[in-house]
$ cat query_23.txt   # compact mmCIF, C-alpha atoms
# COMPACT_ATOMS: atom_id res chain seq x y z
CA MET A 1 14.90 -5.57 -16.77
CA LYS A 2 18.20 -6.66 -15.21
CA GLY A 3 19.67 -3.20 -15.87
CA LEU A 4 16.67 -1.52 -14.26
CA THR A 5 16.92 -3.77 -11.22
CA THR A 6 20.63 -3.02 -10.86
CA PHE A 7 19.98 0.73 -11.14
CA LEU A 8 17.21 0.61 -8.53
CA ASP A 9 19.25 -1.51 -6.12
CA LYS A 10 22.26 0.78 -6.43
CA TYR A 11 20.80 4.29 -6.56
CA ILE A 12 17.15 4.26 -5.46
CA VAL A 13 16.61 1.60 -2.82
CA PRO A 14 19.47 2.50 -0.40
CA PRO A 15 18.54 6.19 0.18
CA LEU A 16 14.84 5.39 0.44
CA THR A 17 15.57 2.59 2.89
CA VAL A 18 17.63 4.99 5.00
CA LEU A 19 14.78 7.50 4.86
CA SER A 20 12.19 4.94 5.95
CA GLU A 21 14.40 3.92 8.90
CA ASN A 22 15.17 7.49 10.01
CA THR A 23 14.82 7.82 13.79
CA TYR A 24 12.64 10.95 13.67
CA LEU A 25 10.36 9.71 10.89
CA SER A 26 10.03 6.39 12.69
CA ALA A 27 8.98 8.22 15.87
CA ILE A 28 6.37 10.22 13.95
CA ARG A 29 4.95 7.02 12.47
CA ALA A 30 4.84 5.45 15.94
CA GLY A 31 3.07 8.51 17.29
CA MET A 32 0.45 8.36 14.55
CA VAL A 33 -0.16 4.67 15.21
CA ALA A 34 -0.42 5.23 18.97
CA ILE A 35 -3.42 7.54 18.60
CA VAL A 36 -5.38 5.26 16.26
CA PRO A 37 -7.52 3.87 19.12
CA LEU A 38 -8.51 7.43 20.08
CA THR A 39 -9.72 8.28 16.59
CA ILE A 40 -11.60 4.99 16.33
CA ILE A 41 -13.39 5.56 19.64
CA GLY A 42 -14.18 9.16 18.69
CA GLY A 43 -15.47 7.90 15.35
CA LEU A 44 -17.77 5.38 16.99
CA PHE A 45 -19.46 8.11 19.02
CA LEU A 46 -19.70 10.28 15.90
CA VAL A 47 -21.43 7.43 14.07
CA LEU A 48 -23.92 7.10 16.92
CA SER A 49 -24.55 10.83 16.79
CA GLU A 50 -24.75 11.28 13.02
CA MET A 51 -26.08 7.99 11.57
CA PRO A 52 -27.91 9.20 8.41
CA TRP A 53 -31.26 7.53 9.10
CA SER A 54 -34.24 9.72 9.89
CA VAL A 55 -35.69 7.33 12.49
CA TRP A 56 -32.37 7.16 14.31
CA GLN A 57 -31.89 10.93 14.13
CA ASN A 58 -35.31 11.53 15.68
CA PHE A 59 -34.31 9.24 18.54
CA VAL A 60 -30.75 10.47 19.11
CA THR A 61 -31.15 14.25 18.69
CA PRO A 62 -31.88 14.93 22.41
CA TYR A 63 -28.66 13.10 23.34
CA LYS A 64 -26.28 14.59 20.77
CA GLY A 65 -24.74 16.97 23.27
CA TRP A 66 -23.68 14.03 25.41
CA LEU A 67 -22.44 11.95 22.47
CA GLU A 68 -20.24 14.79 21.23
CA ILE A 69 -18.19 14.86 24.45
CA PRO A 70 -16.06 11.76 23.62
CA VAL A 71 -15.62 13.11 20.08
CA SER A 72 -14.21 16.36 21.44
CA ALA A 73 -12.10 14.50 24.00
CA THR A 74 -10.41 12.51 21.21
CA PHE A 75 -10.36 14.55 18.01
CA GLY A 76 -10.35 17.82 19.93
CA LEU A 77 -7.13 16.87 21.74
CA LEU A 78 -5.33 15.04 18.94
CA ALA A 79 -2.26 17.27 18.97
CA VAL A 80 -1.73 16.74 22.70
CA PHE A 81 -1.73 12.96 22.33
CA VAL A 82 0.45 13.11 19.21
CA CYS A 83 3.04 15.25 20.99
CA PHE A 84 3.15 12.86 23.96
CA ALA A 85 3.30 9.71 21.81
CA ILE A 86 6.06 10.95 19.46
CA ALA A 87 8.19 12.27 22.33
CA TYR A 88 7.72 9.02 24.24
CA ASP A 89 8.86 6.90 21.28
CA LEU A 90 11.77 9.22 20.51
CA GLY A 91 12.82 9.20 24.16
CA LYS A 92 12.95 5.40 24.09
CA LYS A 93 15.00 5.44 20.91
CA PHE A 94 17.50 7.85 22.51
CA LYS A 95 17.59 5.68 25.66
CA LEU A 96 16.18 8.47 27.83
CA GLU A 97 13.44 8.17 30.44
CA ALA A 98 10.58 8.08 27.91
CA ALA A 99 7.84 9.22 30.30
CA VAL A 100 9.90 12.26 31.30
CA SER A 101 10.64 13.11 27.66
CA ALA A 102 6.97 12.84 26.75
CA SER A 103 5.81 14.89 29.75
CA MET A 104 8.37 17.60 29.04
CA ALA A 105 7.40 17.92 25.37
CA THR A 106 3.68 17.96 26.22
CA LEU A 107 4.26 20.70 28.82
CA ILE A 108 6.02 22.87 26.22
CA PHE A 109 3.28 22.22 23.68
CA MET A 110 0.51 23.12 26.13
CA MET A 111 2.34 26.32 27.08
CA LEU A 112 2.40 27.35 23.41
CA GLN A 113 -1.38 27.00 23.25
CA LEU A 114 -1.96 29.53 26.06
CA GLN A 115 -3.46 32.85 25.03
CA ARG A 116 -4.60 36.00 26.81
CA GLY A 117 -8.05 37.43 26.59
CA GLU A 118 -8.84 41.10 26.11
CA PRO A 119 -7.60 43.48 28.87
CA VAL A 120 -10.23 44.47 31.43
CA ASP A 121 -9.94 47.79 33.30
CA GLY A 122 -6.24 48.01 32.53
CA GLU A 123 -5.62 44.51 33.82
CA LEU A 124 -4.15 41.74 31.69
CA GLY A 125 -6.72 39.45 30.16
CA ALA A 126 -7.22 36.00 31.63
CA LEU A 127 -5.12 33.13 30.29
CA SER A 128 -6.96 30.37 28.43
CA LEU A 129 -6.09 27.46 26.18
CA ASN A 130 -6.48 27.76 22.43
CA MET A 131 -8.69 24.72 21.93
CA ASP A 132 -8.19 24.75 18.15
CA GLY A 133 -4.46 24.40 18.73
CA LEU A 134 -5.01 21.33 20.89
CA GLY A 135 -6.71 19.61 17.97
CA SER A 136 -5.86 19.30 14.30
CA THR A 137 -4.57 22.88 13.94
CA GLY A 138 -1.71 22.16 16.33
CA LEU A 139 -0.54 18.87 14.82
CA PHE A 140 2.50 20.29 13.05
CA THR A 141 3.44 22.22 16.20
CA ALA A 142 3.10 19.05 18.27
CA ILE A 143 5.44 17.16 15.94
CA LEU A 144 8.03 19.95 15.94
CA VAL A 145 7.93 20.47 19.71
CA SER A 146 8.22 16.76 20.47
CA MET A 147 11.28 16.32 18.25
CA VAL A 148 13.05 19.51 19.35
CA SER A 149 12.40 18.89 23.04
CA VAL A 150 13.67 15.32 23.09
CA ARG A 151 16.63 16.09 20.84
CA PHE A 152 17.61 18.97 23.16
CA GLN A 153 17.22 16.73 26.21
CA LYS A 154 19.47 14.15 24.55
CA LEU A 155 22.07 16.83 23.69
CA LEU A 156 22.33 18.06 27.29
CA ASN A 157 22.55 14.49 28.58
CA ASP A 158 25.33 13.65 26.13
CA TYR A 159 27.38 16.66 27.27
CA ASN A 160 26.52 16.06 30.93
CA LEU A 161 24.87 19.49 31.25
CA VAL A 162 22.29 18.13 33.67
CA ILE A 163 21.91 17.74 37.41
CA ARG A 164 22.85 14.20 38.44
CA LEU A 165 22.02 13.23 42.00
CA PRO A 166 23.71 10.28 43.71
CA LYS A 167 22.39 6.91 42.56
CA SER A 168 21.32 6.22 46.12
CA VAL A 169 18.30 8.54 45.81
CA PRO A 170 15.00 7.06 44.55
CA GLU A 171 14.93 6.65 40.81
CA VAL A 172 11.92 8.92 40.36
CA VAL A 173 13.77 11.74 42.17
CA TYR A 174 16.94 11.08 40.16
CA GLU A 175 15.06 11.28 36.84
CA SER A 176 13.12 14.40 37.82
CA PHE A 177 16.30 16.33 38.62
CA LEU A 178 17.95 14.97 35.47
CA SER A 179 15.23 16.69 33.44
CA LEU A 180 15.32 19.95 35.40
CA VAL A 181 17.89 21.84 33.29
CA PRO A 182 16.52 20.74 29.88
CA MET A 183 12.99 21.59 30.98
CA LEU A 184 13.98 25.03 32.28
CA LEU A 185 15.88 25.94 29.12
CA LEU A 186 13.11 24.64 26.86
CA ILE A 187 10.44 26.58 28.74
CA VAL A 188 12.48 29.78 28.59
CA GLY A 189 13.28 29.31 24.89
CA PHE A 190 9.74 28.54 23.72
CA TRP A 191 8.24 31.12 26.10
CA GLY A 192 10.48 33.79 24.60
CA LEU A 193 9.66 32.68 21.06
CA ARG A 194 5.91 32.62 21.60
CA PHE A 195 5.22 35.41 24.09
CA ILE A 196 8.18 37.80 23.82
CA LEU A 197 8.79 37.61 20.07
CA GLY A 198 5.13 36.87 19.33
CA VAL A 199 5.73 33.93 16.97
CA ASP A 200 2.58 31.81 16.62
CA LEU A 201 4.00 28.40 15.73
CA ASN A 202 0.58 26.98 14.87
CA ASP A 203 -0.05 29.65 12.27
CA THR A 204 3.55 29.72 11.00
CA LEU A 205 3.73 25.98 10.41
CA GLN A 206 0.28 25.93 8.82
CA GLN A 207 1.51 28.54 6.32
CA VAL A 208 4.74 26.65 5.66
CA PHE A 209 2.90 23.42 4.90
CA SER A 210 -0.10 25.02 3.21
CA PRO A 211 1.10 24.18 -0.35
CA LEU A 212 1.37 20.50 0.61
CA LEU A 213 -1.97 20.63 2.41
CA GLN A 214 -3.67 22.12 -0.62
CA ALA A 215 -1.95 19.78 -3.07
CA LEU A 216 -2.88 16.57 -1.25
CA ASN A 217 -6.58 17.48 -1.36
CA THR A 218 -6.55 17.91 -5.13
CA LEU A 219 -6.95 15.17 -7.72
CA PRO A 220 -3.51 15.73 -9.31
CA GLY A 221 -1.84 15.87 -5.89
CA ILE A 222 -3.38 12.67 -4.53
CA MET A 223 -2.68 10.91 -7.85
CA VAL A 224 1.01 11.81 -7.55
CA PHE A 225 0.99 10.47 -4.00
CA THR A 226 -0.69 7.21 -5.08
CA LEU A 227 1.76 6.83 -7.96
CA LEU A 228 4.73 7.30 -5.66
CA LEU A 229 3.27 4.93 -3.06
CA THR A 230 2.70 2.09 -5.52
CA LEU A 231 6.01 2.63 -7.33
CA LEU A 232 7.89 2.31 -4.05
CA TRP A 233 6.05 -0.92 -3.24
CA SER A 234 6.74 -2.16 -6.79
CA ILE A 235 10.48 -2.01 -6.23
CA GLY A 236 10.31 -3.70 -2.84
CA ILE A 237 10.21 -0.64 -0.55
CA ASN A 238 7.41 -0.29 1.99
CA GLY A 239 5.79 2.80 0.52
CA ASP A 240 3.52 3.32 3.52
CA ASN A 241 6.39 3.35 6.01
CA THR A 242 8.41 5.67 3.77
CA LEU A 243 5.66 8.24 3.21
CA ASP A 244 3.43 7.97 6.28
CA ALA A 245 5.60 10.15 8.49
CA VAL A 246 5.02 13.03 6.05
CA VAL A 247 1.42 12.50 4.98
CA ALA A 248 -0.23 10.78 7.96
CA PRO A 249 -0.45 13.99 10.05
CA ILE A 250 -1.98 15.79 7.04
CA PHE A 251 -4.59 13.11 6.35
CA LEU A 252 -5.37 12.99 10.07
CA MET A 253 -5.78 16.77 10.09
CA PHE A 254 -8.20 16.48 7.16
CA LEU A 255 -10.22 13.83 9.00
CA ALA A 256 -10.41 15.95 12.17
CA ALA A 257 -11.65 18.90 10.10
CA ASN A 258 -14.31 16.67 8.51
CA VAL A 259 -15.38 15.50 11.97
CA GLU A 260 -15.78 19.11 13.11
CA ALA A 261 -17.81 19.85 9.98
CA VAL A 262 -20.10 16.90 10.70
CA LYS A 263 -20.65 18.12 14.27
CA ALA A 264 -21.45 21.61 12.99
CA GLY A 265 -23.76 20.33 10.25
CA GLU A 266 -21.56 21.86 7.55
CA PRO A 267 -20.27 20.40 4.25
CA LEU A 268 -17.17 18.24 4.67
CA PRO A 269 -14.13 20.18 3.40
CA TYR A 270 -11.67 17.35 2.59
CA ILE A 271 -11.97 14.46 0.16
CA THR A 272 -8.59 12.84 0.85
CA ALA A 273 -8.98 12.63 4.62
CA LEU A 274 -7.65 9.61 6.50
CA GLY A 275 -9.52 6.59 5.13
CA PHE A 276 -9.54 7.72 1.49
CA ILE A 277 -6.39 5.76 0.65
CA THR A 278 -6.67 2.94 3.20
CA SER A 279 -10.30 2.05 2.47
CA PHE A 280 -11.14 3.32 -1.00
CA VAL A 281 -7.83 2.86 -2.84
CA ASN A 282 -6.01 0.04 -1.01
CA VAL A 283 -8.89 -2.39 -1.54
CA GLY A 284 -7.68 -5.74 -0.23
CA GLY A 285 -4.20 -4.25 0.15
CA THR A 286 -2.15 -1.65 -1.71
CA GLY A 287 -2.84 -1.86 -5.43
CA ALA A 288 -6.23 -3.54 -4.87
CA THR A 289 -4.54 -6.94 -5.10
CA ILE A 290 -7.63 -8.77 -3.86
CA ALA A 291 -8.84 -8.29 -7.43
CA LEU A 292 -5.78 -10.12 -8.75
CA ALA A 293 -6.40 -12.99 -6.33
CA LEU A 294 -10.02 -13.24 -7.51
CA VAL A 295 -8.94 -13.26 -11.16
CA MET A 296 -6.42 -16.05 -10.56
CA ILE A 297 -8.28 -18.06 -7.93
CA ASN A 298 -9.14 -20.72 -10.56
CA SER A 299 -6.03 -20.20 -12.67
CA LYS A 300 -4.92 -23.01 -14.95
CA ASP A 301 -1.45 -22.62 -13.47
CA ALA A 302 -1.21 -24.49 -10.18
CA GLY A 303 1.23 -22.01 -8.63
CA TYR A 304 -0.89 -18.92 -9.32
CA ARG A 305 -4.03 -20.77 -8.23
CA GLN A 306 -2.54 -21.89 -4.94
CA ILE A 307 -1.07 -18.47 -4.07
CA SER A 308 -4.39 -16.76 -4.84
CA ARG A 309 -6.34 -19.12 -2.62
CA VAL A 310 -3.86 -19.07 0.22
CA SER A 311 -3.66 -15.25 0.17
CA MET A 312 -7.43 -14.65 0.01
CA PRO A 313 -8.10 -14.89 3.79
CA THR A 314 -5.42 -12.28 4.54
CA GLN A 315 -6.47 -10.00 1.68
CA ILE A 316 -9.98 -9.83 3.07
CA PHE A 317 -8.29 -8.01 5.95
CA GLN A 318 -6.20 -5.79 3.62
CA ILE A 319 -2.95 -7.77 4.07
CA ASN A 320 -1.49 -8.64 0.68
CA GLU A 321 2.13 -9.70 1.29
CA PRO A 322 1.48 -13.37 0.33
CA ILE A 323 0.34 -12.49 -3.17
CA PHE A 324 2.63 -9.47 -3.45
CA PHE A 325 5.78 -11.54 -2.96
CA GLY A 326 4.31 -14.86 -4.09
CA PHE A 327 3.44 -14.04 -7.70
CA PRO A 328 5.59 -11.83 -7.37
CA ILE A 329 4.45 -8.28 -8.11
CA VAL A 330 7.66 -6.64 -6.88
CA LEU A 331 10.05 -5.94 -9.79
CA ASN A 332 7.76 -7.86 -12.16
CA PRO A 333 6.67 -5.58 -15.04
CA VAL A 334 3.74 -7.85 -16.02
CA PHE A 335 2.08 -7.26 -12.64
CA MET A 336 3.63 -3.90 -11.73
CA ILE A 337 1.72 -2.15 -14.51
CA PRO A 338 -1.82 -3.20 -13.43
CA TYR A 339 -0.76 -2.83 -9.78
CA VAL A 340 -0.03 0.86 -10.28
CA LEU A 341 -2.83 1.38 -12.79
CA SER A 342 -5.54 -0.08 -10.55
CA ALA A 343 -4.52 2.15 -7.63
CA MET A 344 -4.45 5.23 -9.87
CA SER A 345 -7.86 4.37 -11.37
CA LEU A 346 -9.48 3.86 -7.97
CA THR A 347 -7.96 7.13 -6.74
CA THR A 348 -9.36 9.05 -9.71
CA VAL A 349 -12.86 7.58 -9.75
CA THR A 350 -13.29 7.71 -5.96
CA TYR A 351 -12.12 11.33 -5.85
CA LEU A 352 -14.61 12.32 -8.57
CA LEU A 353 -17.47 10.43 -6.92
CA MET A 354 -16.84 12.29 -3.67
CA ASP A 355 -16.27 15.60 -5.40
CA PHE A 356 -19.66 15.33 -7.13
CA GLY A 357 -21.33 14.29 -3.89
CA LEU A 358 -22.27 10.81 -5.12
CA ILE A 359 -20.68 9.18 -2.06
CA ASN A 360 -19.78 10.68 1.31
CA LYS A 361 -16.27 11.90 2.07
CA PRO A 362 -14.32 10.16 4.87
CA MET A 363 -15.56 11.08 8.32
CA ILE A 364 -14.86 7.98 10.46
CA HIS A 365 -11.51 6.35 11.18
CA VAL A 366 -11.61 2.57 11.05
CA PRO A 367 -8.66 0.16 11.35
CA TRP A 368 -6.86 -0.32 8.03
CA THR A 369 -7.52 -4.06 8.36
CA THR A 370 -11.29 -3.54 8.03
CA PRO A 371 -12.51 -5.68 5.07
CA PRO A 372 -13.45 -3.93 1.82
CA VAL A 373 -17.06 -2.82 1.39
CA ILE A 374 -17.51 -2.84 5.19
CA GLY A 375 -14.69 -0.30 5.38
CA HIS A 376 -16.25 1.74 2.58
CA PHE A 377 -19.55 1.83 4.46
CA LEU A 378 -18.07 2.75 7.85
CA VAL A 379 -15.50 5.34 6.71
CA SER A 380 -18.21 7.25 4.85
CA GLY A 381 -20.40 7.40 7.95
CA GLY A 382 -22.79 4.62 6.92
CA ASP A 383 -23.28 5.61 3.27
CA TRP A 384 -24.72 2.60 1.39
CA ARG A 385 -23.60 4.13 -1.90
CA ALA A 386 -19.99 3.90 -0.74
CA ALA A 387 -20.50 0.19 -0.02
CA VAL A 388 -21.86 -0.31 -3.54
CA TRP A 389 -18.82 1.50 -4.90
CA GLY A 390 -16.66 -0.85 -2.83
CA VAL A 391 -18.07 -3.82 -4.76
CA LEU A 392 -17.77 -2.01 -8.10
CA SER A 393 -14.19 -0.95 -7.33
CA ILE A 394 -13.14 -4.59 -6.90
CA LEU A 395 -14.79 -5.46 -10.22
CA MET A 396 -13.04 -2.54 -11.92
CA ALA A 397 -9.67 -3.60 -10.54
CA MET A 398 -10.34 -7.17 -11.72
CA MET A 399 -10.89 -5.84 -15.25
CA ILE A 400 -7.56 -4.01 -15.09
CA TYR A 401 -5.66 -7.04 -13.79
CA TYR A 402 -7.34 -9.61 -16.06
CA PRO A 403 -5.41 -9.19 -19.36
CA PHE A 404 -2.04 -8.95 -17.61
CA ALA A 405 -2.77 -11.90 -15.31
CA LYS A 406 -3.90 -14.10 -18.18
CA ALA A 407 -0.84 -13.15 -20.20
CA ALA A 408 1.37 -14.20 -17.29
CA GLU A 409 -0.63 -17.39 -16.92
CA ARG A 410 -0.21 -18.29 -20.59
CA GLN A 411 3.53 -17.65 -20.34
CA ARG A 412 3.82 -19.86 -17.25
CA LEU A 413 1.85 -22.66 -18.91
CA LYS A 414 3.98 -22.41 -22.05
CA THR A 415 7.19 -22.55 -20.03
CA SER A 416 5.93 -25.51 -18.00
CA ALA A 417 4.95 -27.36 -21.18
CA GLU A 418 8.38 -26.74 -22.72
CA GLN A 419 10.12 -27.95 -19.58
CA ALA A 420 7.97 -31.08 -19.48
CA LYS A 421 8.73 -31.75 -23.14
CA GLU A 422 12.47 -31.37 -22.58
CA LYS A 423 12.31 -33.66 -19.57
CA ALA A 424 10.43 -36.28 -21.60
CA ASN A 425 13.03 -36.15 -24.36
$ encode --input "query_23.txt" --output "structure tokens"
Amino acid sequence: MKGLTTFLDKYIVPPLTVLSENTYLSAIRAGMVAIVPLTIIGGLFLVLSEMPWSVWQNFVTPYKGWLEIPVSATFGLLAVFVCFAIAYDLGKKFKLEAAVSASMATLIFMMLQLQRGEPVDGELGALSLNMDGLGSTGLFTAILVSMVSVRFQKLLNDYNLVIRLPKSVPEVVYESFLSLVPMLLLIVGFWGLRFILGVDLNDTLQQVFSPLLQALNTLPGIMVFTLLLTLLWSIGINGDNTLDAVVAPIFLMFLAANVEAVKAGEPLPYITALGFITSFVNVGGTGATIALALVMINSKDAGYRQISRVSMPTQIFQINEPIFFGFPIVLNPVFMIPYVLSAMSLTTVTYLLMDFGLINKPMIHVPWTTPPVIGHFLVSGGDWRAAVWGVLSILMAMMIYYPFAKAAERQRLKTSAEQAKEKAN
């Protein structure tokens, strides 16, 4: 075990730590977090519109057109908000005027979503916005544009290739002229790429990432992701922070597509949409550690018993650091094995239940701190079967943890008895 720890500390942990702290990935994570309130609000209106009870549907049907407006204003404009939020955070990190950086990137992104209609009587068709591109379809474009725009702005500022007015002018005027050259060059560059060369960034990036998109909505693909997530946590690296910058936009895209399917009355296309991992797999925290706390809540070992009881209130809200570092689970093979195994088992069974239509796929975004069972019910759009599975999933995880936890308990009790005997002698 000591050799493994040394190997991980020397070769694995440092590069992954650097990756998790990367400026661009950190900005993407911040951008994803910033739009969480939008998706929650949109989800609330979707729940009101699509609550699966016949009495409620009879009442709400005449008002669905009105209820869908906030849904479209949030999920339908996700890429716009993502672009603004990422560029804002990246601008702050580069010590630029964040609001200017965000506005500039959003302008470029909106320009890329313009399209011309069919010519009429030899005249050019009218310009209109590609509404699909403003939503989930344009997420990858929004991320790319925000990073390129702010990085380019930073480059020109570093080399003083900007217009700097005297400091005596109002700050708002000073900042606006400071952004003039970067904005002009960015507009010309992206305008030429999109409208002169005819490169559709939305479509191009969708094709580039299509293998990853397809893989993460398959059982093998999501199992690999879960395995990597829990292994990173097991060696002390925040797996969510490390991987979220890559997968969060994809899971969010899946959720937005499911929302559109719900509005259209069509089957939901994605199982692993946002909420699959956070509500159905991370039950009481990553690795379903609430199950471990329940197994050990009356442990014969005073240390395990106390940690389990102290951690229970936080685990109800999906926060498991007290038990994770208190037992500990990190770099502890006795607990690492069931930690990974429980997450993999919940991933597999939940995926199959959704694939066979036994519980609803994710369609509502709720905060990741939503307690288990309640989260299962809400994420699935009010499906009582998902809530039942939430209870059963905790019981299943308890069965996985039980033999390992009791083995650790027996070892602790044996060690304590030996120490007491030595002290007595």
$ closest_residue --input "query_23.txt" --among "A:Met296, A:Val100, A:Met344, A:Leu114" --to "A:Ala126" --atoms "only C-alpha atoms"
A:Leu114
$ residues_near_point --input "query_23.txt" --point "(9.0, 5.1, 19.3)" --cutoff "12 Å" --atoms "all atoms listed in the file" --output "PyMOL selection string"
chain A and resi 21-34+82-96+98-99+101-102+146-147+150
$ closest_atom_pairs --input "query_23.txt" --of "stretch 341-425 of chain A" --to "stretch 250-265 of chain A" --cutoff "8 Å" --atoms "only C-alpha atoms" --output "CSV"
residue,atom,partner,partner_atom,distance
A:Pro362,CA,A:Leu255,CA,6.9
A:Met363,CA,A:Asn258,CA,5.7
A:Ile364,CA,A:Leu255,CA,7.6
A:His365,CA,A:Leu255,CA,7.9
$ closest_residue --input "query_23.txt" --among "A:Ser176, A:Asn202, A:Thr74, A:Ser149" --to "A:Gln113" --atoms "only C-alpha atoms"
A:Asn202
$ closest_residue --input "query_23.txt" --among "A:Gly198, A:Gly375, A:Pro328, A:Gly76" --to "A:Ala405" --atoms "all atoms listed in the file"
A:Pro328
